[in-house]
$ cat start_1.cif   # mmCIF, C-alpha atoms
data_structure
loop_
_atom_site.label_atom_id
_atom_site.label_comp_id
_atom_site.auth_asym_id
_atom_site.auth_seq_id
_atom_site.Cartn_x
_atom_site.Cartn_y
_atom_site.Cartn_z
CA MET H 22 -10.19 -98.31 159.33
CA ASN H 23 -11.51 -99.55 162.65
CA PHE H 24 -14.50 -97.36 163.48
CA VAL H 25 -14.29 -97.72 167.26
CA GLU H 26 -10.55 -97.00 167.29
CA GLU H 27 -11.13 -93.97 165.06
CA LEU H 28 -13.73 -92.55 167.46
CA GLN H 29 -11.62 -93.40 170.52
CA TRP H 30 -8.55 -91.37 169.52
CA ARG H 31 -10.83 -88.52 168.51
CA GLY H 32 -12.40 -88.49 172.01
CA MET H 33 -15.84 -89.32 170.63
CA ILE H 34 -16.88 -92.31 172.74
CA HIS H 35 -18.67 -91.89 176.05
CA THR H 36 -20.43 -95.24 176.52
CA MET H 37 -20.58 -98.31 174.30
CA MET H 38 -22.41 -101.61 174.68
CA PRO H 39 -20.17 -104.68 174.93
CA GLY H 40 -19.90 -106.46 171.58
CA THR H 41 -20.24 -103.28 169.47
CA GLU H 42 -16.66 -103.28 168.20
CA GLU H 43 -16.77 -107.00 167.39
CA LEU H 44 -19.99 -106.53 165.37
CA LEU H 45 -18.45 -103.67 163.35
CA GLN H 46 -15.38 -105.73 162.52
CA LYS H 47 -17.43 -108.80 161.54
CA GLU H 48 -19.73 -107.33 158.86
CA MET H 49 -20.95 -104.17 157.15
CA ILE H 50 -23.77 -102.82 159.29
CA SER H 51 -26.19 -99.92 159.21
CA ALA H 52 -26.20 -97.46 162.10
CA TYR H 53 -28.38 -94.44 162.72
CA VAL H 54 -28.46 -91.09 164.45
CA GLY H 55 -31.75 -89.28 165.06
CA ILE H 56 -32.27 -85.57 164.41
CA ASP H 57 -35.46 -83.76 165.37
CA PRO H 58 -36.55 -81.45 162.54
CA THR H 59 -37.54 -78.60 164.85
CA ALA H 60 -35.89 -76.03 162.51
CA ASP H 61 -35.15 -75.81 158.79
CA SER H 62 -31.41 -75.86 159.45
CA LEU H 63 -28.92 -77.89 161.44
CA HIS H 64 -26.77 -76.04 163.96
CA ILE H 65 -23.26 -76.96 164.99
CA GLY H 66 -24.55 -78.97 167.95
CA HIS H 67 -25.83 -81.51 165.38
CA LEU H 68 -22.38 -81.87 163.81
CA VAL H 69 -21.11 -84.32 166.43
CA GLY H 70 -23.71 -86.93 165.44
CA VAL H 71 -23.15 -86.19 161.75
CA MET H 72 -19.38 -86.65 162.19
CA MET H 73 -20.00 -90.03 163.87
CA LEU H 74 -21.96 -91.05 160.76
CA LYS H 75 -19.23 -89.64 158.50
CA HIS H 76 -16.53 -91.74 160.18
CA LEU H 77 -18.87 -94.75 160.10
CA GLN H 78 -19.26 -94.34 156.33
CA ARG H 79 -15.51 -93.86 155.84
CA CYS H 80 -15.01 -97.18 157.66
CA GLY H 81 -17.26 -98.97 155.15
CA HIS H 82 -20.53 -99.03 157.09
CA LYS H 83 -23.90 -97.53 156.13
CA PRO H 84 -25.08 -94.32 157.85
CA ILE H 85 -28.78 -93.64 158.31
CA VAL H 86 -30.07 -90.23 159.34
CA LEU H 87 -33.44 -90.56 161.01
CA VAL H 88 -35.42 -87.34 160.84
CA GLY H 89 -37.80 -87.46 163.78
CA GLY H 90 -41.01 -86.27 162.14
CA ALA H 91 -43.05 -88.25 164.67
CA THR H 92 -40.79 -87.81 167.69
CA GLY H 93 -40.44 -84.13 166.76
CA MET H 94 -44.17 -83.83 167.35
CA ILE H 95 -43.72 -85.12 170.91
CA GLY H 96 -40.46 -83.62 172.16
CA ASP H 97 -37.59 -85.45 173.84
CA PRO H 98 -37.51 -84.87 177.62
CA SER H 99 -33.76 -85.68 177.86
CA GLY H 100 -31.90 -82.68 179.24
CA LYS H 101 -34.98 -80.46 178.89
CA SER H 102 -36.99 -78.76 181.59
CA GLU H 103 -39.95 -77.73 179.43
CA GLU H 104 -42.09 -79.36 176.80
CA ARG H 105 -41.43 -78.18 173.26
CA ASN H 106 -43.92 -76.75 170.80
CA LEU H 107 -45.48 -79.31 168.48
CA LEU H 108 -44.99 -78.86 164.73
CA ASP H 109 -47.45 -79.59 161.93
CA GLU H 110 -46.69 -82.04 159.12
CA ALA H 111 -46.12 -79.39 156.41
CA THR H 112 -43.48 -77.66 158.55
CA LEU H 113 -41.81 -80.98 159.38
CA ARG H 114 -41.62 -81.97 155.69
CA HIS H 115 -40.16 -78.58 154.75
CA ASN H 116 -37.57 -78.86 157.52
CA GLN H 117 -36.68 -82.41 156.44
CA GLU H 118 -35.87 -81.28 152.88
CA CYS H 119 -33.74 -78.40 154.13
CA LEU H 120 -31.80 -80.72 156.47
CA LYS H 121 -31.18 -83.23 153.69
CA ASN H 122 -29.71 -80.52 151.45
CA GLN H 123 -27.25 -79.65 154.21
CA LEU H 124 -26.43 -83.28 155.00
CA MET H 125 -25.68 -84.06 151.34
CA LYS H 126 -22.56 -81.90 151.70
CA LEU H 127 -21.41 -83.86 154.73
CA LEU H 128 -22.37 -87.49 153.95
CA ASP H 129 -22.31 -89.38 150.66
CA PHE H 130 -25.89 -90.07 149.55
CA ASP H 131 -24.97 -90.53 145.86
CA THR H 132 -22.32 -93.25 145.85
CA ALA H 133 -23.09 -96.48 144.02
CA GLU H 134 -21.59 -98.37 146.98
CA ALA H 135 -23.80 -100.38 149.32
CA ASN H 136 -22.90 -98.06 152.20
CA ARG H 137 -24.43 -94.91 150.70
CA ALA H 138 -26.09 -92.67 153.26
CA GLU H 139 -29.84 -92.83 153.63
CA MET H 140 -32.41 -90.53 155.19
CA VAL H 141 -35.63 -91.82 156.73
CA ASN H 142 -38.48 -90.11 158.59
CA ASN H 143 -40.15 -91.93 161.45
CA TYR H 144 -43.42 -90.13 160.68
CA ASP H 145 -43.70 -92.42 157.62
CA TRP H 146 -44.13 -95.53 159.77
CA MET H 147 -45.73 -93.92 162.81
CA LYS H 148 -48.55 -91.97 161.11
CA GLU H 149 -50.69 -95.08 160.41
CA PHE H 150 -49.95 -96.70 163.77
CA SER H 151 -53.09 -96.50 165.93
CA PHE H 152 -52.77 -95.83 169.63
CA LEU H 153 -54.35 -99.18 170.48
CA ASP H 154 -52.03 -101.08 168.15
CA PHE H 155 -49.01 -99.30 169.61
CA ILE H 156 -49.79 -100.02 173.26
CA ARG H 157 -50.73 -103.62 172.43
CA ASP H 158 -47.78 -104.48 170.15
CA ILE H 159 -45.03 -102.32 171.66
CA GLY H 160 -46.10 -101.05 175.09
CA LYS H 161 -46.55 -104.52 176.59
CA HIS H 162 -42.87 -105.39 176.04
CA ILE H 163 -41.44 -102.60 178.24
CA THR H 164 -42.45 -102.20 181.89
CA VAL H 165 -43.23 -98.86 183.52
CA ASN H 166 -40.56 -99.70 186.15
CA TYR H 167 -37.97 -99.97 183.36
CA MET H 168 -39.04 -96.65 181.84
CA MET H 169 -39.09 -94.81 185.17
CA ALA H 170 -35.57 -95.94 186.00
CA LYS H 171 -34.19 -93.75 183.17
CA ASP H 172 -32.40 -90.60 184.33
CA SER H 173 -34.29 -88.35 181.88
CA VAL H 174 -37.57 -89.52 183.45
CA LYS H 175 -36.40 -89.55 187.07
CA LYS H 176 -35.10 -85.97 186.96
CA ARG H 177 -38.39 -84.66 185.64
CA LEU H 178 -40.55 -86.69 188.03
CA THR H 179 -38.57 -85.64 191.11
CA GLY H 180 -38.69 -81.98 190.09
CA GLU H 181 -34.92 -81.75 189.50
CA ALA H 182 -35.67 -80.48 185.98
CA GLY H 183 -38.95 -78.74 185.24
CA ASP H 184 -42.42 -79.27 186.71
CA GLY H 185 -43.10 -82.93 186.15
CA MET H 186 -43.70 -84.69 182.86
CA SER H 187 -46.65 -85.18 180.55
CA PHE H 188 -47.73 -88.63 179.40
CA THR H 189 -46.77 -87.52 175.87
CA GLU H 190 -43.15 -87.02 176.90
CA PHE H 191 -43.15 -90.16 179.04
CA THR H 192 -43.92 -92.20 175.91
CA TYR H 193 -41.00 -90.64 173.97
CA GLN H 194 -38.52 -93.39 174.81
CA LEU H 195 -41.04 -96.03 173.66
CA VAL H 196 -41.54 -94.27 170.32
CA GLN H 197 -37.77 -93.89 169.86
CA GLY H 198 -37.34 -97.52 170.89
CA TYR H 199 -39.82 -98.52 168.20
CA ASP H 200 -37.82 -96.54 165.61
CA PHE H 201 -34.81 -98.71 166.38
CA LEU H 202 -36.95 -101.86 166.13
CA HIS H 203 -38.39 -100.72 162.78
CA LEU H 204 -34.93 -99.96 161.33
CA TYR H 205 -33.58 -103.24 162.75
CA GLN H 206 -36.34 -105.17 160.97
CA HIS H 207 -36.47 -103.21 157.69
CA ASN H 208 -32.99 -101.66 157.23
CA ASN H 209 -30.70 -104.22 158.88
CA CYS H 210 -29.80 -101.49 161.39
CA LYS H 211 -28.03 -102.92 164.42
CA LEU H 212 -26.50 -99.82 166.01
CA GLN H 213 -27.92 -96.52 167.25
CA MET H 214 -25.62 -93.63 168.12
CA GLY H 215 -26.20 -90.29 169.82
CA GLY H 216 -25.12 -87.96 172.60
CA SER H 217 -24.57 -89.35 176.10
CA ASP H 218 -27.92 -87.87 177.18
CA GLN H 219 -29.58 -90.30 174.73
CA TRP H 220 -28.25 -93.48 176.39
CA GLY H 221 -31.55 -94.18 178.16
CA ASN H 222 -33.64 -93.79 174.99
CA ILE H 223 -31.21 -95.85 172.89
CA THR H 224 -31.02 -98.75 175.34
CA THR H 225 -34.84 -98.86 175.48
CA GLY H 226 -34.61 -99.63 171.76
CA THR H 227 -32.05 -102.40 172.22
CA GLU H 228 -34.22 -103.89 175.00
CA LEU H 229 -37.35 -103.73 172.82
CA ILE H 230 -35.51 -105.48 169.96
CA ARG H 231 -34.32 -108.20 172.35
CA ARG H 232 -37.75 -108.76 173.90
CA LYS H 233 -39.77 -108.62 170.68
CA THR H 234 -37.46 -110.42 168.23
CA GLY H 235 -34.85 -112.16 170.35
CA GLY H 236 -32.26 -110.27 168.27
CA GLU H 237 -29.27 -108.27 169.44
CA ALA H 238 -28.73 -104.57 168.81
CA PHE H 239 -26.12 -102.15 170.12
CA ALA H 240 -25.68 -98.61 171.43
CA LEU H 241 -22.82 -96.12 171.28
CA THR H 242 -22.83 -92.57 172.63
CA CYS H 243 -20.40 -89.68 172.43
CA PRO H 244 -19.70 -87.16 175.20
CA LEU H 245 -21.72 -83.96 175.24
CA ILE H 246 -19.45 -81.24 173.89
CA THR H 247 -18.51 -78.55 176.37
CA LYS H 248 -16.26 -75.52 176.30
CA ALA H 249 -13.14 -75.30 178.45
CA ASP H 250 -14.62 -72.32 180.34
CA GLY H 251 -17.75 -74.29 181.19
CA GLY H 252 -19.95 -72.40 178.70
CA LYS H 253 -22.36 -74.16 176.39
CA PHE H 254 -20.85 -75.27 173.08
CA GLY H 255 -22.35 -73.76 169.94
CA LYS H 256 -24.06 -70.84 171.65
CA THR H 257 -23.06 -67.24 171.01
CA GLU H 258 -24.57 -63.98 172.25
CA SER H 259 -26.84 -64.02 169.20
CA GLY H 260 -27.89 -67.67 169.72
CA ASN H 261 -27.11 -70.87 167.81
CA VAL H 262 -24.41 -71.11 165.14
CA TRP H 263 -26.39 -72.44 162.17
CA LEU H 264 -25.27 -74.22 159.01
CA ASP H 265 -27.74 -72.22 156.90
CA PRO H 266 -25.83 -69.18 155.51
CA ALA H 267 -29.02 -67.10 155.76
CA ARG H 268 -29.07 -67.66 159.54
CA THR H 269 -25.31 -67.57 160.23
CA SER H 270 -23.16 -66.06 157.48
CA PRO H 271 -20.12 -68.12 156.34
CA TYR H 272 -17.95 -65.30 157.73
CA LYS H 273 -19.51 -65.57 161.21
CA PHE H 274 -19.39 -69.38 160.97
CA TYR H 275 -15.67 -69.21 160.15
CA GLN H 276 -15.06 -66.70 162.94
CA PHE H 277 -16.77 -68.94 165.51
CA TRP H 278 -14.20 -71.69 164.94
CA LEU H 279 -11.29 -69.25 164.53
CA ASN H 280 -12.04 -67.69 167.93
CA THR H 281 -12.05 -70.92 169.94
CA SER H 282 -9.63 -71.15 172.86
CA ASP H 283 -6.44 -73.21 172.53
CA ALA H 284 -7.84 -75.93 174.84
CA ASP H 285 -11.08 -76.16 172.86
CA ALA H 286 -9.31 -76.07 169.47
CA GLU H 287 -7.23 -79.09 170.52
CA LYS H 288 -10.44 -80.99 171.28
CA TYR H 289 -12.58 -79.70 168.39
CA ILE H 290 -10.02 -80.41 165.68
CA ARG H 291 -10.30 -84.12 166.53
CA ILE H 292 -14.09 -84.13 166.65
CA PHE H 293 -15.14 -81.85 163.80
CA THR H 294 -12.50 -82.32 161.08
CA LEU H 295 -11.33 -85.12 158.83
CA TYR H 296 -7.62 -84.58 159.45
CA GLY H 297 -5.83 -87.83 160.36
CA LYS H 298 -4.24 -88.68 163.72
CA GLU H 299 -0.64 -87.96 162.70
CA GLU H 300 -1.63 -84.69 160.99
CA ILE H 301 -3.47 -83.51 164.08
CA GLU H 302 -0.68 -84.50 166.46
CA ALA H 303 1.84 -82.62 164.29
CA MET H 304 -0.43 -79.53 164.26
CA ILE H 305 -0.85 -79.66 168.05
CA THR H 306 2.93 -79.83 168.55
CA GLU H 307 3.45 -76.94 166.12
CA HIS H 308 0.69 -74.93 167.77
CA GLN H 309 2.11 -75.43 171.25
CA SER H 310 5.49 -74.06 170.15
CA ALA H 311 3.86 -70.90 168.68
CA PRO H 312 0.32 -70.45 170.05
CA HIS H 313 0.10 -66.85 168.73
CA LEU H 314 0.02 -68.20 165.16
CA ARG H 315 -3.29 -69.99 165.98
CA ILE H 316 -2.40 -72.95 163.74
CA LEU H 317 -5.08 -75.22 165.25
CA GLN H 318 -7.86 -72.64 165.03
CA LYS H 319 -7.02 -71.81 161.41
CA ALA H 320 -6.91 -75.49 160.37
CA LEU H 321 -10.16 -76.22 162.23
CA ALA H 322 -11.99 -73.23 160.74
CA LYS H 323 -10.74 -74.01 157.24
CA ASP H 324 -11.74 -77.70 157.19
CA ILE H 325 -15.20 -77.20 158.59
CA THR H 326 -16.08 -74.01 156.67
CA ILE H 327 -15.18 -75.65 153.34
CA ARG H 328 -17.20 -78.80 154.08
CA VAL H 329 -20.28 -77.00 155.41
CA HIS H 330 -20.20 -74.09 152.94
CA SER H 331 -17.63 -74.09 150.12
CA GLU H 332 -14.04 -73.22 149.30
CA ALA H 333 -15.20 -69.89 147.83
CA ASP H 334 -17.01 -69.05 151.09
CA TYR H 335 -13.87 -69.96 153.04
CA ASP H 336 -11.72 -67.71 150.80
CA SER H 337 -14.19 -64.84 151.27
CA ALA H 338 -14.23 -65.31 155.04
CA LEU H 339 -10.43 -65.38 155.10
CA GLU H 340 -10.20 -62.19 153.04
CA ALA H 341 -12.78 -60.50 155.24
CA SER H 342 -10.85 -61.47 158.38
CA GLU H 343 -7.64 -60.04 156.95
CA ILE H 344 -9.33 -56.70 156.21
CA LEU H 345 -10.02 -56.22 159.90
CA PHE H 346 -6.45 -57.03 160.87
CA GLY H 347 -4.89 -54.63 158.42
CA LYS H 348 -3.79 -57.05 155.71
CA GLY H 349 -6.78 -56.80 153.38
CA THR H 350 -6.83 -54.81 150.17
CA ALA H 351 -9.23 -52.18 148.84
CA GLU H 352 -10.26 -54.70 146.19
CA ALA H 353 -11.15 -57.31 148.85
CA LEU H 354 -13.16 -54.71 150.78
CA HIS H 355 -15.21 -53.78 147.71
CA LYS H 356 -16.01 -57.46 147.12
CA LEU H 357 -17.72 -57.87 150.51
CA ASP H 358 -21.49 -58.13 150.50
CA GLU H 359 -23.39 -55.89 152.93
CA GLU H 360 -24.03 -58.61 155.53
CA THR H 361 -20.36 -59.65 155.69
CA LEU H 362 -19.22 -56.02 155.77
CA LEU H 363 -21.46 -55.35 158.78
CA SER H 364 -20.32 -58.59 160.44
CA VAL H 365 -16.63 -57.72 159.98
CA PHE H 366 -17.05 -54.24 161.41
CA GLU H 367 -19.59 -55.11 164.07
CA GLY H 368 -18.85 -53.03 167.15
CA VAL H 369 -16.70 -50.33 165.47
CA PRO H 370 -17.88 -46.72 165.99
CA GLN H 371 -20.48 -45.63 163.43
CA PHE H 372 -21.47 -42.20 162.18
CA ASP H 373 -24.36 -41.13 159.98
CA ILE H 374 -23.54 -38.79 157.12
CA SER H 375 -25.87 -37.01 154.71
CA LEU H 376 -26.28 -38.73 151.35
CA ALA H 377 -27.31 -35.38 149.80
CA GLU H 378 -24.14 -33.66 151.06
CA LEU H 379 -22.03 -36.58 149.91
CA ALA H 380 -23.53 -36.21 146.44
CA GLU H 381 -22.09 -32.66 146.42
CA GLY H 382 -18.74 -33.90 147.72
CA ILE H 383 -17.30 -33.49 151.23
CA GLY H 384 -13.63 -32.62 151.83
CA ILE H 385 -11.82 -35.21 153.93
CA VAL H 386 -10.89 -32.77 156.73
CA GLU H 387 -14.49 -31.62 157.05
CA LEU H 388 -15.70 -35.22 156.92
CA VAL H 389 -13.51 -36.57 159.73
CA ALA H 390 -13.45 -33.52 162.03
CA GLU H 391 -16.85 -31.84 161.55
CA LYS H 392 -19.38 -34.23 159.98
CA THR H 393 -18.12 -37.01 162.28
CA ALA H 394 -16.07 -37.10 165.49
CA ILE H 395 -13.26 -39.28 164.12
CA PHE H 396 -10.81 -36.45 164.92
CA PRO H 397 -11.29 -33.89 167.70
CA SER H 398 -10.02 -31.03 165.52
CA LYS H 399 -9.20 -30.10 161.95
CA GLY H 400 -5.57 -29.47 162.94
CA GLU H 401 -5.12 -33.02 164.25
CA ALA H 402 -6.83 -34.42 161.15
CA ARG H 403 -4.50 -32.47 158.84
CA ARG H 404 -1.41 -33.64 160.74
CA MET H 405 -2.37 -37.29 160.41
CA LEU H 406 -3.41 -36.89 156.77
CA LYS H 407 -0.01 -35.33 156.06
CA ASP H 408 1.72 -38.33 157.68
CA GLY H 409 -0.33 -40.81 155.59
CA GLY H 410 -2.22 -42.11 158.60
CA VAL H 411 -5.75 -41.92 157.18
CA GLN H 412 -7.38 -44.42 154.83
CA VAL H 413 -10.78 -44.39 153.15
CA ASN H 414 -11.94 -47.86 152.04
CA LYS H 415 -8.41 -49.25 152.62
CA ALA H 416 -6.74 -46.63 150.39
CA LYS H 417 -4.51 -43.88 151.82
CA VAL H 418 -5.80 -40.36 151.23
CA GLY H 419 -4.35 -36.84 151.53
CA GLU H 420 -5.76 -33.44 152.47
CA ASP H 421 -6.99 -32.87 148.94
CA PHE H 422 -9.29 -35.92 148.98
CA THR H 423 -13.02 -35.38 148.46
CA ALA H 424 -15.49 -38.04 149.59
CA GLY H 425 -18.36 -38.71 147.21
CA VAL H 426 -21.17 -41.13 146.48
CA SER H 427 -18.92 -43.17 144.16
CA GLN H 428 -16.86 -44.31 147.17
CA LEU H 429 -19.80 -45.90 148.97
CA LEU H 430 -19.59 -49.63 149.67
CA SER H 431 -22.85 -51.46 148.89
CA GLY H 432 -24.21 -48.03 147.96
CA LYS H 433 -24.38 -47.04 151.63
CA TYR H 434 -21.14 -47.36 153.64
CA MET H 435 -17.70 -45.79 153.82
CA LEU H 436 -14.85 -47.17 155.92
CA VAL H 437 -12.43 -44.69 157.47
CA GLN H 438 -9.28 -45.92 159.17
CA LYS H 439 -7.23 -43.76 161.55
CA GLY H 440 -3.79 -45.18 162.18
CA LYS H 441 -3.37 -48.95 162.11
CA LYS H 442 -6.20 -50.17 164.30
CA ASN H 443 -8.96 -47.57 164.56
CA TYR H 444 -11.87 -48.16 162.18
CA TYR H 445 -15.02 -46.07 161.72
CA LEU H 446 -18.01 -46.98 159.62
CA LEU H 447 -19.86 -44.10 158.00
CA ILE H 448 -23.43 -44.73 156.91
CA ALA H 449 -24.94 -42.47 154.25
CA ARG H 450 -28.64 -41.81 154.81
#
$ encode --input "start_1.cif" --output "structure tokens"
Amino acid sequence: MNFVEELQWRGMIHTMMPGTEELLQKEMISAYVGIDPTADSLHIGHLVGVMMLKHLQRCGHKPIVLVGGATGMIGDPSGKSEERNLLDEATLRHNQECLKNQLMKLLDFDTAEANRAEMVNNYDWMKEFSFLDFIRDIGKHITVNYMMAKDSVKKRLTGEAGDGMSFTEFTYQLVQGYDFLHLYQHNNCKLQMGGSDQWGNITTGTELIRRKTGGEAFALTCPLITKADGGKFGKTESGNVWLDPARTSPYKFYQFWLNTSDADAEKYIRIFTLYGKEEIEAMITEHQSAPHLRILQKALAKDITIRVHSEADYDSALEASEILFGKGTAEALHKLDEETLLSVFEGVPQFDISLAELAEGIGIVELVAEKTAIFPSKGEARRMLKDGGVQVNKAKVGEDFTAGVSQLLSGKYMLVQKGKKNYYLLIAR
């Protein structure tokens, strides 16, 4: 596979230095993407860079993930209006290990092939570098004029973004440039990739390599991912969509992709999945003829949920989704853990019921018309019960049904359904 062609049809190239494609076709090279370890989990915004490395590896080249232990202590000014909090070494090391565990699902670190993925931390080569050595050996090769011409610097200095810029942040591009030089000299790394906002930092690295070694290195960036409605990709009302299941449950992760708009799904399925060109084009055609079937969203959510989490997590998320839309079974409902149950029925009306009274047993009519306001009257409740229109925990019940502690889901919840679409969550306290 031709790496550049692969990224081009997927819409993943924004800017590329001349000669990059020729280099990739000539020899196996190493290329890197930097990730700042500011949290102990990746979020879906990181996936674009990871997918670039994945395609690179599939095309026979070697991916390097650079965890920015040193640069994470400074903070990248690109696209930011405020300086970030600095992290201590213990936190950075912890975060690095967590990130590697997630990346091992997405890149191949274990292959015996020469192009196995590798993770490095720039703190390892920066921690012994004295300030005087750095400004003597590295700083003298890049002029202040060159550094100030970068957009990320100009915007901060002119007040377009934030209130100026500290010297610490000003040096960021030099430190990142040195990373590229170090990897060029020690890991045969000739290409750095990143988002389009990183172009200035990346090209500082290629310039430093040229001036210090006379060698040639290359840069390739992908577009910053946006949503069709202009909103920020990867952000929800509750914040980032994380890869760590403790931060974003597999169900919510799956739902994020399932709920993308048609226009976004058409773009995301190229960027975030491993489906081939013909497969994707066939899916797009099929989707356009029957958009209500959400073929693209389902394929997108399936591929990415399985790779980030697991097939079992995907199956659980699928079952949970079907419960909400009336297709799920009582058995599937009972299998849900508490977090997923609450995620599935987030936003449905809730009522508290007495655990002590439930232990004695509560008749269904009393439960839905007196203990809760699911029905406005006992008469209306009886009519619907008679017609088979009431379910408790996805099982139809009649007037003679008595609710008890044994019906509680996760020892605490009971799901009542009125008609086809009206759900109510009862919480025993």
$ resolve_selection --input "start_1.cif" --expression "the PyMOL selection byres ((chain H and resi 114) around 12)" --output "list in words"
Asp57, Pro58, Thr59, Ala60, Asp61, Val88, Gly89, Gly90, Ala91, Gly93, Leu108, Asp109, Glu110, Ala111, Thr112, Leu113, His115, Asn116, Gln117, Glu118, Cys119, Leu120, Lys121, Val141, Asn142, Asn143, Tyr144 and Asp145 of chain H
$ closest_residue --input "start_1.cif" --among "H:Ile383, H:Ala267, H:Val71, H:Ile50" --to "Met33 in chain H" --atoms "all atoms listed in the file"
H:Val71
$ closest_residue --input "start_1.cif" --among "H:Tyr434, H:Tyr296, H:Phe191, H:Phe152" --to "Arg177 in chain H" --atoms "only C-alpha atoms"
H:Phe191
$ residues_near_point --input "start_1.cif" --point "(-9.3, -59.7, 154.9)" --cutoff "12 Å" --atoms "all atoms listed in the file" --output "ChimeraX atom specification"
/H:272,335-357,361-362,365-366,415
$ closest_residue --input "start_1.cif" --among "H:Thr36, H:Ser375, H:Thr164, H:Ser398" --to "Gln213 in chain H" --atoms "only C-alpha atoms"
H:Thr36
$ closest_residue --input "start_1.cif" --among "H:Val174, H:Val165, H:Leu204, H:Met186" --to "Glu139 in chain H" --atoms "only C-alpha atoms"
H:Leu204
$ closest_residue --input "start_1.cif" --among "H:Ala286, H:Leu245, H:Ala322, H:Met22" --to "Ile305 in chain H" --atoms "all atoms listed in the file"
H:Ala286
$ resolve_selection --input "start_1.cif" --expression "the PyMOL selection byres ((chain H and resi 325) around 9)" --output "list in words"
Tyr275, Trp278, Phe293, Thr294, Leu295, Ala320, Leu321, Ala322, Lys323, Asp324, Thr326, Ile327, Arg328, Val329 and His330 of chain H
$ atom_distance --input "start_1.cif" --atom1 "CA of Gly198 in chain H" --atom2 "CA of Gly221 in chain H"
9.9 Å
$ closest_residue --input "start_1.cif" --among "H:Val25, H:Ile65, H:Thr423, H:Ile395" --to "Glu381 in chain H" --atoms "all atoms listed in the file"
H:Thr423
$ atom_distance --input "start_1.cif" --atom1 "CA of Ala52 in chain H" --atom2 "CA of Lys83 in chain H"
6.4 Å
$ atom_distance --input "start_1.cif" --atom1 "CA of Met168 in chain H" --atom2 "CA of Gln194 in chain H"
7.8 Å
$ resolve_selection --input "start_1.cif" --expression "the PyMOL selection byres ((chain H and resi 252-258) around 10)" --output "NGL selection string"
:H and (64-67 or 245-251 or 259-263 or 277-278 or 285)
$ write_last_selection --input "start_1.cif" --atoms "C-alpha atoms" --output "compact mmCIF listing (two decimals), keeping the file's coordinate frame"
# COMPACT_ATOMS: atom_id res chain seq x y z
CA HIS H 64 -26.77 -76.04 163.96
CA ILE H 65 -23.26 -76.96 164.99
CA GLY H 66 -24.55 -78.97 167.95
CA HIS H 67 -25.83 -81.51 165.38
CA LEU H 245 -21.72 -83.96 175.24
CA ILE H 246 -19.45 -81.24 173.89
CA THR H 247 -18.51 -78.55 176.37
CA LYS H 248 -16.26 -75.52 176.30
CA ALA H 249 -13.14 -75.30 178.45
CA ASP H 250 -14.62 -72.32 180.34
CA GLY H 251 -17.75 -74.29 181.19
CA SER H 259 -26.84 -64.02 169.20
CA GLY H 260 -27.89 -67.67 169.72
CA ASN H 261 -27.11 -70.87 167.81
CA VAL H 262 -24.41 -71.11 165.14
CA TRP H 263 -26.39 -72.44 162.17
CA PHE H 277 -16.77 -68.94 165.51
CA TRP H 278 -14.20 -71.69 164.94
CA ASP H 285 -11.08 -76.16 172.86
$ residues_around --input "start_1.cif" --residues "Tyr199 in chain H" --least-positions-apart "2" --cutoff "9 Å" --atoms "all atoms listed in the file" --output "list in words"
Ile159, Gln194, Leu195, Val196, Gln197, Phe201, Leu202, His203, Leu204, Thr225, Gly226, Leu229 and Ile230 of chain H
$ write_last_selection --input "start_1.cif" --atoms "C-alpha atoms" --output "compact mmCIF listing (two decimals), in the coordinates of the input"
# COMPACT_ATOMS: atom_id res chain seq x y z
CA ILE H 159 -45.03 -102.32 171.66
CA GLN H 194 -38.52 -93.39 174.81
CA LEU H 195 -41.04 -96.03 173.66
CA VAL H 196 -41.54 -94.27 170.32
CA GLN H 197 -37.77 -93.89 169.86
CA PHE H 201 -34.81 -98.71 166.38
CA LEU H 202 -36.95 -101.86 166.13
CA HIS H 203 -38.39 -100.72 162.78
CA LEU H 204 -34.93 -99.96 161.33
CA THR H 225 -34.84 -98.86 175.48
CA GLY H 226 -34.61 -99.63 171.76
CA LEU H 229 -37.35 -103.73 172.82
CA ILE H 230 -35.51 -105.48 169.96
